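Undergrad: Sharing model29.cif below, mmCIF, C-alpha atoms:
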```cif
data_target
loop_
_atom_site.label_atom_id
_atom_site.label_comp_id
_atom_site.auth_asym_id
_atom_site.auth_seq_id
_atom_site.Cartn_x
_atom_site.Cartn_y
_atom_site.Cartn_z
CA MET J 19 98.09 44.63 57.12
CA ALA J 20 98.10 46.75 53.99
CA TRP J 21 97.55 50.03 55.81
CA ILE J 22 100.78 49.56 57.78
CA GLY J 23 102.72 49.24 54.54
CA VAL J 24 101.05 52.35 53.13
CA LEU J 25 101.91 54.36 56.25
CA CYS J 26 105.53 53.20 56.09
CA VAL J 27 106.01 53.83 52.37
CA LEU J 28 103.97 57.02 51.92
CA PRO J 29 106.52 59.34 53.64
CA SER J 30 109.21 58.17 51.20
CA VAL J 31 106.88 58.88 48.26
CA ILE J 32 106.23 62.39 49.56
CA LEU J 33 109.93 62.98 50.28
CA ALA J 34 111.03 61.77 46.85
CA THR J 35 108.41 63.95 45.16
CA ARG J 36 109.52 67.02 47.12
CA LEU J 37 113.23 66.49 46.40
CA ILE J 38 112.62 65.91 42.70
CA TRP J 39 110.48 69.06 42.57
CA GLU J 40 113.33 71.06 44.12
CA GLN J 41 115.81 69.69 41.59
CA THR J 42 113.58 70.24 38.58
CA VAL J 43 110.71 72.74 38.66
CA LEU J 44 112.04 74.92 41.48
CA SER J 45 115.55 74.87 40.05
CA ILE J 46 114.31 76.11 36.68
CA GLN J 47 112.36 78.89 38.37
CA ASN J 48 114.84 80.03 41.02
CA GLY J 49 118.25 78.63 40.13
CA PRO J 50 120.44 76.11 41.98
CA GLN J 51 118.96 74.82 45.22
CA MET J 52 120.33 73.57 48.53
CA VAL J 53 118.31 70.44 48.00
CA GLY J 54 116.45 69.33 51.11
CA PHE J 55 117.82 72.16 53.27
CA SER J 56 114.54 73.92 54.06
CA LEU J 57 112.77 70.59 54.42
CA ALA J 58 115.34 69.37 56.95
CA HIS J 59 114.71 72.45 59.08
CA SER J 60 110.98 71.91 59.49
CA PRO J 61 109.18 69.46 61.81
CA LEU J 62 107.33 67.86 58.91
CA GLY J 63 110.56 67.55 56.95
CA ILE J 64 112.31 65.76 59.79
CA LEU J 65 109.46 63.23 59.90
CA LEU J 66 109.69 62.75 56.14
CA PHE J 67 113.43 62.11 56.34
CA LEU J 68 112.66 59.29 58.77
CA GLY J 69 110.37 57.80 56.14
CA PRO J 70 113.05 55.74 54.35
CA VAL J 71 113.98 54.14 57.68
CA ALA J 72 110.39 53.10 58.33
CA GLY J 73 110.06 51.98 54.74
CA ALA J 74 113.21 49.87 54.95
CA VAL J 75 112.05 48.17 58.15
CA TRP J 76 108.64 47.43 56.63
CA SER J 77 110.22 46.20 53.38
CA ILE J 78 112.39 43.67 55.22
CA ALA J 79 109.38 42.44 57.17
CA ALA J 80 107.26 42.25 54.00
CA ILE J 81 109.90 40.25 52.14
CA VAL J 82 110.14 37.81 55.06
CA VAL J 83 106.35 37.36 55.02
CA ILE J 84 106.26 36.85 51.25
CA VAL J 85 109.03 34.24 51.40
CA ARG J 86 107.53 32.36 54.33
CA ARG J 87 104.01 32.34 52.91
CA ARG J 88 105.22 31.91 49.34
CA SER J 89 102.84 34.68 48.37
CA TRP J 90 104.79 35.67 45.27
CA HIS J 91 101.74 37.28 43.68
CA ASP J 92 100.64 39.50 46.56
CA PRO J 93 99.78 42.68 44.57
CA ILE J 94 99.62 45.04 47.52
CA ARG J 95 102.91 44.10 49.16
CA LEU J 96 104.74 43.80 45.85
CA GLY J 97 103.34 47.14 44.70
CA LEU J 98 104.42 48.88 47.88
CA LEU J 99 107.87 47.27 47.70
CA GLY J 100 108.22 48.47 44.12
CA ALA J 101 107.09 51.99 45.02
CA PHE J 102 109.52 52.15 47.93
CA GLY J 103 112.41 50.87 45.82
CA LEU J 104 111.67 53.42 43.10
CA CYS J 105 111.57 56.25 45.65
CA ILE J 106 114.95 55.26 47.07
CA LEU J 107 116.42 55.06 43.56
CA LEU J 108 115.11 58.52 42.63
CA MET J 109 116.35 60.05 45.89
CA THR J 110 119.87 58.72 45.34
CA LEU J 111 120.21 60.25 41.88
CA PRO J 112 122.69 63.15 42.04
CA TYR J 113 121.64 66.74 41.39
CA GLY J 114 123.79 66.69 38.28
CA PHE J 115 121.57 64.00 36.76
CA TRP J 116 118.57 66.31 36.84
CA GLN J 117 120.63 69.22 35.54
CA ARG J 118 121.79 67.14 32.58
CA LEU J 119 118.24 65.93 31.98
CA LEU J 120 116.99 69.53 31.88
CA ALA J 121 120.11 71.08 30.34
CA GLY J 122 118.08 72.42 27.43
CA ALA J 123 115.76 74.33 29.75
CA HIS J 124 118.55 75.58 32.02
CA ALA J 125 120.71 76.61 29.06
CA HIS J 126 118.21 79.29 28.09
CA GLY J 127 117.42 80.41 31.63
CA PRO J 128 118.90 83.23 33.73
CA TYR J 129 120.88 80.90 36.02
CA VAL J 130 122.86 78.93 33.47
CA GLY J 131 126.15 80.50 34.57
CA GLU J 132 125.58 79.33 38.13
CA TYR J 133 124.81 75.79 37.01
CA VAL J 134 127.92 75.48 34.86
CA SER J 135 130.10 77.05 37.55
CA TYR J 136 128.72 74.68 40.18
CA ALA J 137 129.32 71.68 37.95
CA ALA J 138 132.86 72.88 37.22
CA ALA J 139 133.61 73.46 40.91
CA THR J 140 132.37 70.00 41.90
CA GLY J 141 134.23 68.24 39.11
CA ASP J 142 131.01 67.18 37.37
CA LEU J 143 132.49 67.08 33.90
CA ALA J 144 129.48 65.28 32.40
CA THR J 145 127.20 68.16 33.38
CA VAL J 146 129.64 70.76 32.08
CA LYS J 147 129.74 68.93 28.74
CA ALA J 148 125.93 68.71 28.67
CA PHE J 149 125.58 72.48 29.00
CA LEU J 150 128.23 73.25 26.41
CA ALA J 151 126.51 70.81 24.05
CA GLN J 152 123.42 73.01 24.38
CA GLY J 153 125.37 75.96 23.02
CA VAL J 154 126.27 77.57 26.35
CA SER J 155 129.45 79.65 26.10
CA VAL J 156 132.53 78.15 27.72
CA ASN J 157 133.07 81.60 29.23
CA VAL J 158 129.54 82.00 30.59
CA ARG J 159 129.42 84.16 33.72
CA ASN J 160 127.58 83.36 36.93
CA GLU J 161 125.21 85.87 38.49
CA HIS J 162 127.03 86.35 41.80
CA ASP J 163 130.58 87.42 40.98
CA SER J 164 130.79 87.20 37.18
CA ALA J 165 133.20 84.27 37.47
CA THR J 166 133.57 81.85 34.56
CA PRO J 167 133.48 78.06 34.91
CA LEU J 168 137.28 78.16 34.69
CA HIS J 169 137.39 80.30 37.83
CA ALA J 170 135.15 77.80 39.62
CA ALA J 171 137.24 74.83 38.57
CA ALA J 172 140.43 76.64 39.58
CA VAL J 173 139.11 77.42 43.06
CA GLU J 174 138.43 73.74 43.70
CA GLY J 175 141.46 72.40 41.84
CA GLN J 176 139.41 70.42 39.32
CA THR J 177 142.17 69.79 36.79
CA ALA J 178 140.13 67.50 34.53
CA VAL J 179 137.49 70.20 34.14
CA ILE J 180 140.17 72.88 33.68
CA ASN J 181 141.79 70.91 30.86
CA TYR J 182 138.44 70.34 29.20
CA LEU J 183 137.40 74.00 29.42
CA LEU J 184 140.73 75.15 28.03
CA SER J 185 140.41 72.65 25.17
CA LYS J 186 137.09 74.28 24.34
CA GLY J 187 138.59 77.75 24.19
CA ALA J 188 138.05 79.07 27.71
CA ASP J 189 139.74 82.42 28.35
CA VAL J 190 142.59 81.49 30.66
CA ASN J 191 142.90 85.09 31.87
CA ALA J 192 139.24 86.03 32.16
CA LEU J 193 138.59 88.36 35.10
CA ASN J 194 135.72 88.00 37.55
CA ALA J 195 133.99 90.86 39.37
CA TYR J 196 136.93 91.05 41.78
CA ALA J 197 139.22 91.48 38.73
CA ASP J 198 140.94 88.19 39.61
CA SER J 199 142.10 85.66 37.05
CA PRO J 200 141.57 81.89 37.38
CA LEU J 201 145.27 81.50 38.28
CA GLN J 202 144.86 84.00 41.12
CA ASP J 203 141.90 81.96 42.41
CA ALA J 204 143.97 78.78 42.27
CA ILE J 205 146.84 80.48 44.08
CA SER J 206 144.57 81.88 46.80
CA MET J 207 143.27 78.36 47.47
CA ASN J 208 146.71 76.75 47.17
CA ARG J 209 145.66 74.44 44.32
CA ALA J 210 149.08 73.40 43.05
CA ASP J 211 147.87 71.11 40.25
CA ALA J 212 145.45 73.72 38.96
CA MET J 213 148.18 76.37 39.07
CA ALA J 214 150.47 74.18 36.97
CA VAL J 215 147.84 73.56 34.30
CA LEU J 216 146.81 77.21 34.09
CA LYS J 217 150.40 78.43 33.88
CA ALA J 218 151.12 75.90 31.13
CA HIS J 219 148.32 77.47 29.10
CA GLY J 220 149.44 81.05 29.57
CA GLY J 221 147.59 81.84 32.77
CA GLU J 222 148.67 85.03 34.53
CA ASN J 223 148.41 85.91 38.19
CA ILE J 224 146.08 88.89 38.02
CA ARG J 225 144.55 90.25 41.22
CA GLY J 226 142.12 93.13 41.48
CA SER J 227 142.64 96.19 43.65
CA GLU J 228 141.08 96.55 47.08
CA ALA J 229 138.67 99.14 45.67
CA GLN J 230 137.52 96.64 43.04
CA ARG J 231 137.07 93.98 45.69
CA ARG J 232 134.98 96.23 47.91
CA GLN J 233 132.78 97.20 44.99
CA ALA J 234 132.39 93.57 43.92
CA ILE J 235 131.31 92.55 47.43
CA LYS J 236 128.78 95.40 47.54
CA ASP J 237 127.40 94.47 44.13
CA GLU J 238 127.17 90.81 45.12
CA VAL J 239 125.22 91.61 48.30
CA ASP J 240 122.90 93.95 46.39
CA GLY J 241 122.38 91.26 43.76
CA ASP J 242 121.51 88.66 46.39
CA ILE J 243 118.95 91.00 47.93
CA LYS J 244 117.33 91.63 44.54
CA ARG J 245 117.29 87.92 43.84
CA MET J 246 115.55 87.16 47.12
CA ASP J 247 112.99 89.88 46.39
CA ARG J 248 112.27 88.30 42.99
CA GLN J 249 111.67 84.91 44.58
CA ARG J 250 109.15 86.16 47.15
#
```
Just give me the structure as structure tokens.
TA:
Amino acid sequence: MAWIGVLCVLPSVILATRLIWEQTVLSIQNGPQMVGFSLAHSPLGILLFLGPVAGAVWSIAAIVVIVRRRSWHDPIRLGLLGAFGLCILLMTLPYGFWQRLLAGAHAHGPYVGEYVSYAAATGDLATVKAFLAQGVSVNVRNEHDSATPLHAAAVEGQTAVINYLLSKGADVNALNAYADSPLQDAISMNRADAMAVLKAHGGENIRGSEAQRRQAIKDEVDGDIKRMDRQR
């Protein structure tokens, strides 16, 4: 019956809509999101995350029925199958896809530094390039600790991103709020490949004082509190 298909597919439609909203509208308003985190910690969200399972089971059954009955032009079943397939496709698109799609909007927003740093840390070179193509500075700072994308890439040992940023004129000895250089970040995380690349480009091991570190931590906590207040 058609209503069974609707009940099985509808949760996936709702889930896909919610996740896309988090990665687009909410991200523009409030910065990078832990996509699906709040949803996964609510009873309704848990039910929605089971939606794709129900949808997959129904889809298999519907395809079997269509093949057996040779009902190739069944508009309801085919429409629901198409809707379910589209939802699954949209939900599997990476966060970086939406960031690249909306790079123009993010590039002029208050959280651009966080987006570029996140992309650099995760090795998402395509997203880094998309932001720089929008005129974002290669030395843009994130809101939390004033780190540059080079710092983020160094922490995670993303050598391809490091090489690209340096080729675009990134300051190899830029200091974050802790007064640490990218090389110091790479050393602290034992990223040997990143250390080698940074040293080859003149990177210096610069580490801030304990007083600077304490102040940076205090400022970061205060900043997080203010940010949460803004989002209420």
Undergrad: Residues picked by the PyMOL selection byres ((chain J and resi 172) around 12) here, as a ChimeraX atom specification?
TA: /J:135-136,138-141,165-171,173-181,183-184,190-191,198-217,221
Undergrad: Write the residues you've just listed into a file as an mmCIF file, keeping the file's coordinate frame, and include C-alpha atoms for each of them.
TA:
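The resulting file, result.cif, is reproduced below:
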```cif
data_model
loop_
_atom_site.group_PDB
_atom_site.id
_atom_site.type_symbol
_atom_site.label_atom_id
_atom_site.label_comp_id
_atom_site.auth_asym_id
_atom_site.auth_seq_id
_atom_site.Cartn_x
_atom_site.Cartn_y
_atom_site.Cartn_z
ATOM 1 C CA SER J 135 130.100 77.050 37.550
ATOM 2 C CA TYR J 136 128.720 74.680 40.180
ATOM 3 C CA ALA J 138 132.860 72.880 37.220
ATOM 4 C CA ALA J 139 133.610 73.460 40.910
ATOM 5 C CA THR J 140 132.370 70.000 41.900
ATOM 6 C CA GLY J 141 134.230 68.240 39.110
ATOM 7 C CA ALA J 165 133.200 84.270 37.470
ATOM 8 C CA THR J 166 133.570 81.850 34.560
ATOM 9 C CA PRO J 167 133.480 78.060 34.910
ATOM 10 C CA LEU J 168 137.280 78.160 34.690
ATOM 11 C CA HIS J 169 137.390 80.300 37.830
ATOM 12 C CA ALA J 170 135.150 77.800 39.620
ATOM 13 C CA ALA J 171 137.240 74.830 38.570
ATOM 14 C CA VAL J 173 139.110 77.420 43.060
ATOM 15 C CA GLU J 174 138.430 73.740 43.700
ATOM 16 C CA GLY J 175 141.460 72.400 41.840
ATOM 17 C CA GLN J 176 139.410 70.420 39.320
ATOM 18 C CA THR J 177 142.170 69.790 36.790
ATOM 19 C CA ALA J 178 140.130 67.500 34.530
ATOM 20 C CA VAL J 179 137.490 70.200 34.140
ATOM 21 C CA ILE J 180 140.170 72.880 33.680
ATOM 22 C CA ASN J 181 141.790 70.910 30.860
ATOM 23 C CA LEU J 183 137.400 74.000 29.420
ATOM 24 C CA LEU J 184 140.730 75.150 28.030
ATOM 25 C CA VAL J 190 142.590 81.490 30.660
ATOM 26 C CA ASN J 191 142.900 85.090 31.870
ATOM 27 C CA ASP J 198 140.940 88.190 39.610
ATOM 28 C CA SER J 199 142.100 85.660 37.050
ATOM 29 C CA PRO J 200 141.570 81.890 37.380
ATOM 30 C CA LEU J 201 145.270 81.500 38.280
ATOM 31 C CA GLN J 202 144.860 84.000 41.120
ATOM 32 C CA ASP J 203 141.900 81.960 42.410
ATOM 33 C CA ALA J 204 143.970 78.780 42.270
ATOM 34 C CA ILE J 205 146.840 80.480 44.080
ATOM 35 C CA SER J 206 144.570 81.880 46.800
ATOM 36 C CA MET J 207 143.270 78.360 47.470
ATOM 37 C CA ASN J 208 146.710 76.750 47.170
ATOM 38 C CA ARG J 209 145.660 74.440 44.320
ATOM 39 C CA ALA J 210 149.080 73.400 43.050
ATOM 40 C CA ASP J 211 147.870 71.110 40.250
ATOM 41 C CA ALA J 212 145.450 73.720 38.960
ATOM 42 C CA MET J 213 148.180 76.370 39.070
ATOM 43 C CA ALA J 214 150.470 74.180 36.970
ATOM 44 C CA VAL J 215 147.840 73.560 34.300
ATOM 45 C CA LEU J 216 146.810 77.210 34.090
ATOM 46 C CA LYS J 217 150.400 78.430 33.880
ATOM 47 C CA GLY J 221 147.590 81.840 32.770
#
```
Undergrad: Which neighbours of Gly131 (chain J) fall inside 6 Å, counting all atoms listed in the file, when residues of the same chain fewer than 3 positions from it are skipped, and could you give them as a ChimeraX atom specification?
TA: /J:134,158-160
Undergrad: Tell me, in Å to one decimal, how far CA of His91 (chain J) is from CA of Thr35 (chain J).
TA: 27.5 Å
Undergrad: Which residues are close to Ile106 (chain J), i.e. within 8 Å by only C-alpha atoms, leaving aside same-chain residues fewer than 5 positions away? Reply as a list in words.
TA: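 The filter keeps Ser30, Ala34 and Pro70 of chain J.
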Undergrad: Expressed in Å to a single decimal, how great is the separation between CA of Thr110 (chain J) and CA of Gly49 (chain J)?
TA: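 CA of Gly49 (chain J) lies at a distance of 20.6 Å from CA of Thr110 (chain J).
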Undergrad: Which one is closest to Met52 (chain J): J:Gly226, J:Tyr113, J:Phe102, J:Leu68? Count all atoms listed in the file.
TA: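 Of J:Gly226, J:Tyr113, J:Phe102, J:Leu68, the one nearest Met52 (chain J) is J:Tyr113, counting all atoms listed in the file.
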Undergrad: Show which residues sit within 12 Å of Gly122 (chain J), as an MDAnalysis selection string. Count only C-alpha atoms, and ignore same-chain residues fewer than 6 positions away.
TA: chainID J and resid 46 116 130 145 148:154
Undergrad: Would you kindly return, as a list in words, each protein, DNA or RNA residue with an atom no farther than 12 Å from any atom of Ala195 (chain J), considering all atoms listed in the file and excluding same-chain residues fewer than 6 positions away?
TA: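 Near Ala195 (chain J), the qualifying residues are Arg159, Asn160, Glu161, His162, Asp163, Ser164, Ala165, Thr166, His169, Arg225, Gly226, Ser227, Glu228, Ala229, Gln230, Arg231, Arg232, Gln233, Ala234, Ile235, Lys236, Asp237 and Glu238 of chain J.
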Undergrad: Given the selection you just returned, output its residues as a file containing C-alpha atoms, formatted as a CSV table (one decimal), keeping the file's coordinate frame.
TA:
```
chain,number,residue,atom,x,y,z
J,159,ARG,CA,129.4,84.2,33.7
J,160,ASN,CA,127.6,83.4,36.9
J,161,GLU,CA,125.2,85.9,38.5
J,162,HIS,CA,127.0,86.4,41.8
J,163,ASP,CA,130.6,87.4,41.0
J,164,SER,CA,130.8,87.2,37.2
J,165,ALA,CA,133.2,84.3,37.5
J,166,THR,CA,133.6,81.8,34.6
J,169,HIS,CA,137.4,80.3,37.8
J,225,ARG,CA,144.6,90.2,41.2
J,226,GLY,CA,142.1,93.1,41.5
J,227,SER,CA,142.6,96.2,43.6
J,228,GLU,CA,141.1,96.6,47.1
J,229,ALA,CA,138.7,99.1,45.7
J,230,GLN,CA,137.5,96.6,43.0
J,231,ARG,CA,137.1,94.0,45.7
J,232,ARG,CA,135.0,96.2,47.9
J,233,GLN,CA,132.8,97.2,45.0
J,234,ALA,CA,132.4,93.6,43.9
J,235,ILE,CA,131.3,92.6,47.4
J,236,LYS,CA,128.8,95.4,47.5
J,237,ASP,CA,127.4,94.5,44.1
J,238,GLU,CA,127.2,90.8,45.1
```
Undergrad: Let me make sure I understand: among J:Val43, J:Ala121, J:Leu33, J:Val27, which one has the smallest atom-to-atom distance to Ile94 (chain J) if we use all atoms listed in the file?
TA: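 When distances to Ile94 (chain J) are compared using all atoms listed in the file, the smallest one comes from J:Val27.
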